[in-house]
Amino acid sequence: TMAHSEALLVLENFIAGKFVPCSSYIDSYNPSTGDVYCRVPDSGKEEVEAAVKAAKAAFPIWSSKSPLERSQILNKLADLIEHDLEAFAQAESKDQGKTITFARTVDIPRAVYNFRFFASSILHHTTECTEMASVGCVHYTLRAPVGVAGLISPWNLPLYLLTWKIAPAIACGNTVVAKPSEMTSVTAWMMCKLLEKAGVPHGVVNVVFGTGAKAGEALVCHPDVPLISFTGSTLTAQRITEKSAPHCKRLSLELGGKNPAIVFDDADLSQCIPTTLRSSFANQGEICLCTSRIFVQRGIYSEFLKRFVAEAKKWKVGNPSDPTVDVGALISKEHLEKVRSYVKKAQAEGARVLCGEGVDSLVLPTSNQKGYFMLPTVIAEVKDESCCMQEEIFGPVTCVVAFDTEDEVIGRANGVKYGLAATVWSSNVGRVHRVARRLQSGLVWTNCWLIRDLNLPFGGMKASGIGREGAKDSYEFFTEVKTITVKH
Ligand code: NAD
């Protein structure tokens with residue numbers, strides 16, 4: 001169904017500093033109403049070819065600018081996005097289904113900060129130098145941008161994750177062709193409108209919109225794109241690895257998770273419970289870092305469960321533009337069905353659904369009846385080998401199970417194919433360090449969640465990814481290093 005009251009928003013690709021229409025388009029839905037409200041270019045080889053050509057042409061001038069010149073442009077772009085923060089937040093909420101509060105306080109501020117952070121960090125890198133006095137030599141390293149970077153991002157944190165790639169890529173002197181998710185393209189298109197005013201030369205940032213199979217794959221297969229930074233699912237990453245293999249491309253892959261929270265009996269539950277609710281249900285559970293397996297030590301298991309479920313029931317689901325709402329709409333009808341199917345499978349296996357899907361009733365405003373909503377759902381007595389404990393669900397569903405010993409819980413927490421993020425709750429400092437060291441996880445938060453210092457490495461182990469991003473890590477990924485020896 002179409003929203004007759006409003007004109008459809010029609011996006012265009014951004015190539016060589018100009019908006020260019022596409023020959024065909026894809027419908028994009030407002031997840032909170034189920035209406036088509038936007039049309040996104042269905043780009044393919046031809047559009048990607050034009051964008052890569054523009055990025056290649058812009059590379060010599062952009063890469064020869066000083067880090068300070070690039071830094072000033074990135075800061076200007078940050079200021080411009082910040083100036084329009086409310087418009088960006090409204091657009092992100094409408095396009096993605098997330099609450100306006102989350103978009104205002106997390107997504108858009110972080111997109112602004114991504115540009116400011118890399119505008120600053122690019123000024124502070126040093127390279128290595130060694131001396132071999134016995135043979136009269138010094139050795140030093142140089143770092144240079146690689147060329148045209150291909151950037152592919154997912155739908156859960158659209159502008160936040162796209163700018164986490166664009167900012168370091170262009171700060172280092174690369175030019176880029178970016179492909180946002182076809183389901184959430186609007187804020188990337190809005191950002192393109194600000195590039196010229198920020199002083200970003202034409203061709204430095206090109207954005208092609210479209211599906212992964214057509215536009216994404218054309219970018220991955222393009223011989224003049226030596227580097228791909230991808231955030232998305234493990235399955236897509238496998239395909240990207242295969243498709244890029246003939247070109248030996250440099251890949252950074254930030255993928256899914258099945259993140260455990262481990263709650264020991266000496267945890268401060270007054271901190272642990274509200275934070276674990278957020279880590280399970282924030283952004284509808286659609287964050288790669290969300291908790292979906294909560295291991296609680298036997299002695300406090302029933303108390304934890306009682307308090308956790310009582311609080312989960314207070315999370316308000318509804319119209320994302322209502323600032324009092326905690327849970328917005330899921331990204332799509334298909335995704336909602338998939339998330340629901342996990343709850344059904346858990347029930348069929350004999351697990352207990354303590355609140356949410358299939359247990360409580362969901363009351364929605366009239367205008368949101370066709371939206372993709374779901375209540376925060378807590379499942380208990382689910383077996384470790386169940387698909388609900390093994391596969392990434394990526395929705396507002398979390399499993400709570402009991403454990404007895406430290407050794408046992410480390411083995412169970414590590415017993416999945418993923419290794420992205422874990423949280424540990426304990427007031428015993430020795431235990432916190434011991435457990436953190438043994439968890440197979442790229443990030444371990446203890447007695448907190450989602451607090452990030454962008455200077456430090458971010459990324460996953462095992463099926464959660466390859467490579468790390470952060471101040472130094474992104475600099476290394478987006479540059480090529482050279483070792484030079486001088487005999488004097
Ligand atoms: P997805 O893999 O379906 O899509 C991600 C992007 O890849 C989209 O832009 C899509 O169009 C594109 N794509 C799809 N097929 C492609 C192909 N064959 N070639 C090139 N590009 C292709 O993922 P999604 O459903 O959009 O996002 C959710 C997933 O992302 C979850 O698994 C989540 O955990 C993961 N994620 C990871 C992180 C992280 O930092 N580790 C952050 C956010 C999301």
# chains A, B, ... in the order shown; residues from 1 in each chain; ligands from 1
>>> closest_atom_pairs(of="chain A", to="ligand 1", cutoff="8 Å", atoms="only C-alpha atoms and all ligand atoms", output="tab-separated table")
residue	atom	partner	partner_atom_place_in_ligand_line	distance
A:Ile152	CA	ligand 1	9 (O)	5.2
A:Ser153	CA	ligand 1	9 (O)	4.6
A:Pro154	CA	ligand 1	26 (O)	3.5
A:Trp155	CA	ligand 1	26 (O)	4.7
A:Asn156	CA	ligand 1	43 (C)	6.2
A:Leu157	CA	ligand 1	43 (C)	6.7
A:Leu161	CA	ligand 1	42 (C)	7.1
A:Lys179	CA	ligand 1	9 (O)	6.0
A:Pro180	CA	ligand 1	9 (O)	4.8
A:Ser181	CA	ligand 1	9 (O)	3.4
A:Glu182	CA	ligand 1	11 (O)	5.7
A:Gly210	CA	ligand 1	11 (O)	6.9
A:Thr211	CA	ligand 1	11 (O)	4.6
A:Gly212	CA	ligand 1	13 (N)	3.2
A:Ala213	CA	ligand 1	18 (N)	4.5
A:Lys214	CA	ligand 1	19 (N)	7.4
A:Ala215	CA	ligand 1	20 (C)	7.2
A:Gly216	CA	ligand 1	20 (C)	3.6
A:Glu217	CA	ligand 1	19 (N)	3.9
A:Ala218	CA	ligand 1	20 (C)	7.5
A:Leu219	CA	ligand 1	20 (C)	7.2
A:Val220	CA	ligand 1	20 (C)	6.1
A:Phe230	CA	ligand 1	7 (O)	7.0
A:Thr231	CA	ligand 1	37 (C)	5.2
A:Gly232	CA	ligand 1	30 (O)	3.1
A:Ser233	CA	ligand 1	32 (O)	3.5
A:Thr234	CA	ligand 1	32 (O)	6.2
A:Leu235	CA	ligand 1	2 (O)	6.6
A:Thr236	CA	ligand 1	2 (O)	4.5
A:Ala237	CA	ligand 1	2 (O)	6.8
A:Arg239	CA	ligand 1	18 (N)	5.7
A:Ile240	CA	ligand 1	19 (N)	5.5
A:Leu253	CA	ligand 1	41 (N)	7.5
A:Glu254	CA	ligand 1	41 (N)	3.7
A:Leu255	CA	ligand 1	41 (N)	3.9
A:Gly256	CA	ligand 1	34 (O)	3.1
A:Gly257	CA	ligand 1	34 (O)	5.5
A:Glu286	CA	ligand 1	33 (C)	7.4
A:Ile287	CA	ligand 1	43 (C)	5.8
A:Cys288	CA	ligand 1	34 (O)	3.8
A:Leu289	CA	ligand 1	42 (C)	7.4
A:Glu392	CA	ligand 1	32 (O)	6.9
A:Phe394	CA	ligand 1	31 (C)	6.7
A:Leu420	CA	ligand 1	41 (N)	6.8
A:Phe458	CA	ligand 1	40 (O)	7.7
A:Gly459	CA	ligand 1	41 (N)	6.1
A:Gly460	CA	ligand 1	41 (N)	6.5
A:Ser464	CA	ligand 1	41 (N)	6.3
A:Gly465	CA	ligand 1	41 (N)	6.8
>>> residues_around(residues="A:Ala51", least_positions_apart="2", cutoff="6 Å", atoms="only C-alpha atoms", output="PyMOL selection string")
chain A and resi 15+48-49+53-54+206
>>> atom_distance(atom1="atom CA of A:Leu77", atom2="atom CA of A:Asp224")
26.9 Å
>>> residues_around(residues="stretch 97-114 of chain A", least_positions_apart="2", cutoff="9 Å", atoms="only C-alpha atoms", output="tab-separated table (two decimals) with N, CA and C atoms, in the first residue's frame")
chain	number	residue	atom	x	y	z
A	30	ASN	N	8.26	2.35	5.27
A	30	ASN	CA	8.31	2.92	6.62
A	30	ASN	C	7.93	1.77	7.56
A	31	PRO	N	8.88	1.26	8.34
A	31	PRO	CA	8.60	0.06	9.14
A	31	PRO	C	7.52	0.25	10.21
A	32	SER	N	7.25	1.49	10.57
A	32	SER	CA	6.25	1.70	11.63
A	32	SER	C	4.83	1.77	11.10
A	75	ASN	N	35.89	18.18	9.86
A	75	ASN	CA	35.28	18.92	10.97
A	75	ASN	C	34.09	19.76	10.49
A	77	LEU	N	32.20	19.09	7.92
A	77	LEU	CA	31.09	18.17	7.64
A	77	LEU	C	30.40	17.76	8.94
A	78	ALA	N	31.19	17.52	9.98
A	78	ALA	CA	30.60	17.18	11.29
A	78	ALA	C	29.69	18.31	11.77
A	79	ASP	N	30.17	19.55	11.63
A	79	ASP	CA	29.37	20.71	12.06
A	79	ASP	C	28.04	20.78	11.28
A	80	LEU	N	28.12	20.53	9.98
A	80	LEU	CA	26.92	20.64	9.15
A	80	LEU	C	25.89	19.57	9.51
A	81	ILE	N	26.36	18.35	9.77
A	81	ILE	CA	25.41	17.28	10.16
A	81	ILE	C	24.83	17.63	11.52
A	82	GLU	N	25.67	18.10	12.41
A	82	GLU	CA	25.19	18.46	13.75
A	82	GLU	C	24.15	19.58	13.69
A	85	LEU	N	20.91	18.03	12.99
A	85	LEU	CA	20.75	16.79	13.77
A	85	LEU	C	19.30	16.34	13.87
A	86	GLU	N	18.41	17.26	14.15
A	86	GLU	CA	17.01	16.88	14.33
A	86	GLU	C	16.41	16.32	13.03
A	88	PHE	N	18.05	14.87	10.58
A	88	PHE	CA	18.66	13.56	10.36
A	88	PHE	C	18.03	12.51	11.28
A	89	ALA	N	17.80	12.88	12.55
A	89	ALA	CA	17.22	11.92	13.50
A	89	ALA	C	15.81	11.52	13.08
A	90	GLN	N	15.02	12.51	12.66
A	90	GLN	CA	13.65	12.22	12.20
A	90	GLN	C	13.69	11.26	11.01
A	91	ALA	N	14.59	11.53	10.08
A	91	ALA	CA	14.68	10.71	8.87
A	91	ALA	C	15.13	9.29	9.21
A	92	GLU	N	16.10	9.17	10.12
A	92	GLU	CA	16.62	7.84	10.47
A	92	GLU	C	15.53	7.02	11.17
A	93	SER	N	14.77	7.68	12.03
A	93	SER	CA	13.70	6.99	12.76
A	93	SER	C	12.61	6.51	11.80
A	94	LYS	N	12.24	7.37	10.87
A	94	LYS	CA	11.19	7.00	9.91
A	94	LYS	C	11.64	5.87	8.98
A	95	ASP	N	12.88	5.94	8.55
A	95	ASP	CA	13.40	5.00	7.55
A	95	ASP	C	13.69	3.64	8.16
A	116	ARG	N	34.43	13.96	13.58
A	116	ARG	CA	35.31	14.76	14.46
A	116	ARG	C	36.47	13.90	14.96
A	117	PHE	N	36.15	12.66	15.31
A	117	PHE	CA	37.17	11.78	15.88
A	117	PHE	C	38.30	11.55	14.86
A	118	PHE	N	37.94	11.18	13.63
A	118	PHE	CA	38.99	10.90	12.64
A	118	PHE	C	39.64	12.18	12.12
A	119	ALA	N	38.91	13.30	12.18
A	119	ALA	CA	39.53	14.60	11.83
A	119	ALA	C	40.67	14.88	12.80
A	156	ASN	N	20.97	-1.50	10.41
A	156	ASN	CA	20.57	-1.32	11.82
A	156	ASN	C	20.98	0.02	12.41
A	157	LEU	N	22.17	0.51	12.03
A	157	LEU	CA	22.64	1.82	12.50
A	157	LEU	C	23.13	2.55	11.26
A	158	PRO	N	22.20	3.00	10.40
A	158	PRO	CA	22.58	3.37	9.03
A	158	PRO	C	23.67	4.44	8.92
A	159	LEU	N	23.41	5.66	9.38
A	159	LEU	CA	24.41	6.71	9.18
A	159	LEU	C	25.60	6.51	10.12
A	160	TYR	N	25.35	6.01	11.30
A	160	TYR	CA	26.37	5.73	12.32
A	160	TYR	C	27.45	4.82	11.74
A	161	LEU	N	27.05	3.70	11.14
A	161	LEU	CA	28.04	2.74	10.65
A	161	LEU	C	28.66	3.15	9.32
A	162	LEU	N	27.89	3.87	8.50
A	162	LEU	CA	28.44	4.32	7.21
A	162	LEU	C	29.53	5.37	7.45
A	163	THR	N	29.29	6.28	8.39
A	163	THR	CA	30.28	7.34	8.65
A	163	THR	C	31.49	6.79	9.41
A	164	TRP	N	31.30	5.69	10.13
A	164	TRP	CA	32.42	5.01	10.80
A	164	TRP	C	33.41	4.47	9.78
A	165	LYS	N	32.95	4.32	8.53
A	165	LYS	CA	33.83	3.89	7.43
A	165	LYS	C	34.30	5.09	6.58
A	166	ILE	N	33.35	5.97	6.22
A	166	ILE	CA	33.71	7.09	5.34
A	166	ILE	C	34.76	7.97	6.01
A	167	ALA	N	34.56	8.27	7.31
A	167	ALA	CA	35.45	9.22	7.99
A	167	ALA	C	36.92	8.76	7.97
A	168	PRO	N	37.24	7.53	8.43
A	168	PRO	CA	38.65	7.14	8.38
A	168	PRO	C	39.17	6.98	6.95
A	282	ALA	N	17.76	-2.62	23.36
A	282	ALA	CA	17.99	-1.31	22.74
A	282	ALA	C	17.95	-1.45	21.22
A	283	ASN	N	17.40	-0.44	20.56
A	283	ASN	CA	17.28	-0.45	19.09
A	283	ASN	C	16.57	-1.73	18.61
A	284	GLN	N	15.56	-2.18	19.39
A	284	GLN	CA	14.78	-3.40	19.07
A	284	GLN	C	15.66	-4.65	19.05
A	318	GLY	N	5.83	1.02	20.53
A	318	GLY	CA	4.85	1.83	19.82
A	318	GLY	C	5.46	2.74	18.79
A	319	ASN	N	4.70	3.79	18.44
A	319	ASN	CA	5.11	4.70	17.39
A	319	ASN	C	6.51	5.28	17.68
A	320	PRO	N	7.48	5.01	16.79
A	320	PRO	CA	8.86	5.44	17.04
A	320	PRO	C	9.01	6.95	17.22
A	321	SER	N	8.07	7.74	16.66
A	321	SER	CA	8.22	9.18	16.78
A	321	SER	C	7.72	9.71	18.13
A	322	ASP	N	7.12	8.83	18.95
A	322	ASP	CA	6.68	9.20	20.30
A	322	ASP	C	7.90	9.12	21.23
A	323	PRO	N	8.31	10.26	21.81
A	323	PRO	CA	9.55	10.24	22.61
A	323	PRO	C	9.47	9.39	23.89
A	324	THR	N	8.26	8.94	24.26
A	324	THR	CA	8.15	8.10	25.46
A	324	THR	C	8.26	6.61	25.13
A	325	VAL	N	8.37	6.30	23.83
A	325	VAL	CA	8.43	4.89	23.41
A	325	VAL	C	9.86	4.36	23.52
A	326	ASP	N	10.00	3.11	24.01
A	326	ASP	CA	11.32	2.49	24.19
A	326	ASP	C	11.69	1.56	23.04
A	327	VAL	N	10.69	0.94	22.41
A	327	VAL	CA	10.94	-0.04	21.35
A	327	VAL	C	10.16	0.37	20.12
A	328	GLY	N	10.85	0.57	19.01
A	328	GLY	CA	10.20	0.95	17.77
A	328	GLY	C	9.85	-0.27	16.94
A	329	ALA	N	9.84	-0.09	15.61
A	329	ALA	CA	9.49	-1.19	14.71
A	329	ALA	C	10.75	-1.90	14.24
A	330	LEU	N	10.60	-3.20	13.94
A	330	LEU	CA	11.71	-3.93	13.33
A	330	LEU	C	11.84	-3.51	11.87
A	331	ILE	N	12.95	-3.86	11.25
A	331	ILE	CA	13.26	-3.29	9.95
A	331	ILE	C	12.27	-3.68	8.85
A	332	SER	N	11.79	-4.92	8.83
A	332	SER	CA	10.93	-5.35	7.71
A	332	SER	C	9.98	-6.44	8.18
A	371	GLY	N	2.49	-1.87	11.14
A	371	GLY	CA	3.94	-1.77	11.35
A	371	GLY	C	4.51	-3.08	11.85
A	372	TYR	N	5.85	-3.17	11.86
A	372	TYR	CA	6.52	-4.44	12.19
A	372	TYR	C	6.98	-4.46	13.65
A	454	LEU	N	36.85	5.17	20.97
A	454	LEU	CA	37.08	4.90	19.55
A	454	LEU	C	38.57	4.75	19.21
>>> closest_residue(among="A:Asn368, A:Ile273, A:Phe295, A:Lys383", to="A:Gly350", atoms="only C-alpha atoms")
A:Lys383
>>> select_by_dssp(residues="stretch 219-451 of chain A", states="strand (DSSP E or B)", output="number ranges by chain")
A: 227-231, 250-254, 259-263, 291-297, 317, 327, 352-355, 377-380, 397-403, 418-419, 421-425, 443-446
>>> closest_residue(among="A:Cys399, A:Val205, A:Ile26, A:Leu456", to="A:Ser386", atoms="only C-alpha atoms")
A:Cys399
>>> closest_residue(among="A:Tyr475, A:Val416, A:Asp35, A:Arg437", to="A:Lys462", atoms="only C-alpha atoms")
A:Val416
>>> select_by_dssp(residues="stretch 208-277 of chain A", states="helix (DSSP H, G or I)", output="PyMOL selection string")
chain A and resi 212-221+234-247+269-277
>>> closest_residue(among="A:Ser441, A:Glu196, A:Thr483, A:Ala50", to="A:Ala463", atoms="only C-alpha atoms")
A:Ser441
>>> residues_around(residues="A:Cys248", least_positions_apart="4", cutoff="12 Å", atoms="only C-alpha atoms", output="number ranges by chain")
A: 220-228, 240-244
>>> write_last_selection(atoms="N, CA and C atoms", output="compact mmCIF listing (two decimals), in the first residue's frame")
# COMPACT_ATOMS: atom_id res chain seq x y z
N VAL A 220 32.15 -4.98 -5.12
CA VAL A 220 33.09 -6.00 -4.63
C VAL A 220 33.92 -6.57 -5.78
N CYS A 221 33.32 -6.68 -6.96
CA CYS A 221 33.99 -7.30 -8.11
C CYS A 221 34.76 -6.30 -8.96
N HIS A 222 34.67 -5.01 -8.64
CA HIS A 222 35.32 -4.02 -9.50
C HIS A 222 36.85 -4.07 -9.34
N PRO A 223 37.57 -4.23 -10.44
CA PRO A 223 39.03 -4.38 -10.33
C PRO A 223 39.76 -3.14 -9.80
N ASP A 224 39.13 -1.97 -9.90
CA ASP A 224 39.80 -0.74 -9.44
C ASP A 224 39.46 -0.35 -8.01
N VAL A 225 38.84 -1.27 -7.28
CA VAL A 225 38.53 -1.02 -5.86
C VAL A 225 39.33 -2.04 -5.04
N PRO A 226 40.53 -1.64 -4.56
CA PRO A 226 41.42 -2.62 -3.94
C PRO A 226 41.06 -3.00 -2.52
N LEU A 227 40.06 -2.32 -1.95
CA LEU A 227 39.81 -2.50 -0.52
C LEU A 227 38.32 -2.41 -0.24
N ILE A 228 37.81 -3.35 0.55
CA ILE A 228 36.38 -3.33 0.89
C ILE A 228 36.24 -3.35 2.41
N ILE A 240 31.24 -12.15 -0.12
CA ILE A 240 32.16 -11.06 -0.48
C ILE A 240 33.60 -11.59 -0.53
N THR A 241 33.93 -12.46 0.40
CA THR A 241 35.29 -13.04 0.41
C THR A 241 35.52 -13.84 -0.87
N GLU A 242 34.54 -14.65 -1.27
CA GLU A 242 34.66 -15.45 -2.50
C GLU A 242 34.81 -14.55 -3.73
N LYS A 243 33.91 -13.57 -3.80
CA LYS A 243 33.87 -12.72 -5.00
C LYS A 243 35.10 -11.83 -5.13
N SER A 244 35.71 -11.47 -4.00
CA SER A 244 36.87 -10.57 -4.06
C SER A 244 38.18 -11.34 -4.16
>>> residues_around(residues="A:Glu469", least_positions_apart="3", cutoff="6 Å", atoms="only C-alpha atoms", output="NGL selection string")
:A and (457-458 or 473-474)
>>> write_last_selection(atoms="N, CA, C and O atoms", output="PDB file, in the first residue's frame")
ATOM      1  N   PRO A 457      40.771  -0.870  19.452  1.00  0.00           N
ATOM      2  CA  PRO A 457      40.263  -1.755  18.396  1.00  0.00           C
ATOM      3  C   PRO A 457      38.826  -2.235  18.641  1.00  0.00           C
ATOM      4  O   PRO A 457      38.462  -2.567  19.762  1.00  0.00           O
ATOM      5  N   PHE A 458      38.066  -2.268  17.533  1.00  0.00           N
ATOM      6  CA  PHE A 458      36.715  -2.807  17.547  1.00  0.00           C
ATOM      7  C   PHE A 458      36.634  -3.885  16.485  1.00  0.00           C
ATOM      8  O   PHE A 458      37.031  -3.673  15.344  1.00  0.00           O
ATOM      9  N   ASP A 473      43.866   1.170  14.141  1.00  0.00           N
ATOM     10  CA  ASP A 473      43.492   0.036  13.279  1.00  0.00           C
ATOM     11  C   ASP A 473      42.907   0.505  11.955  1.00  0.00           C
ATOM     12  O   ASP A 473      43.216  -0.045  10.906  1.00  0.00           O
ATOM     13  N   SER A 474      42.028   1.504  11.983  1.00  0.00           N
ATOM     14  CA  SER A 474      41.444   2.010  10.741  1.00  0.00           C
ATOM     15  C   SER A 474      42.516   2.677   9.891  1.00  0.00           C
ATOM     16  O   SER A 474      42.527   2.559   8.671  1.00  0.00           O
TER      17      SER A 474
END
>>> residues_around(residues="A:Trp445", least_positions_apart="2", cutoff="7 Å", atoms="only C-alpha atoms", output="ChimeraX atom specification")
/A:422-424,443,447-449
>>> atom_distance(atom1="atom CA of A:Gly136", atom2="atom CA of A:Lys487")
5.6 Å
>>> residues_around(residues="A:Ile393", least_positions_apart="6", cutoff="9 Å", atoms="only C-alpha atoms", output="number ranges by chain")
A: 258, 285-286, 292, 338-339, 342
>>> atom_distance(atom1="atom CA of A:Gln96", atom2="atom CA of A:Glu6")
18.0 Å
>>> closest_residue(among="A:Gly430, A:Pro376, A:Gly470, A:Pro41", to="A:Phe19", atoms="only C-alpha atoms")
A:Pro41
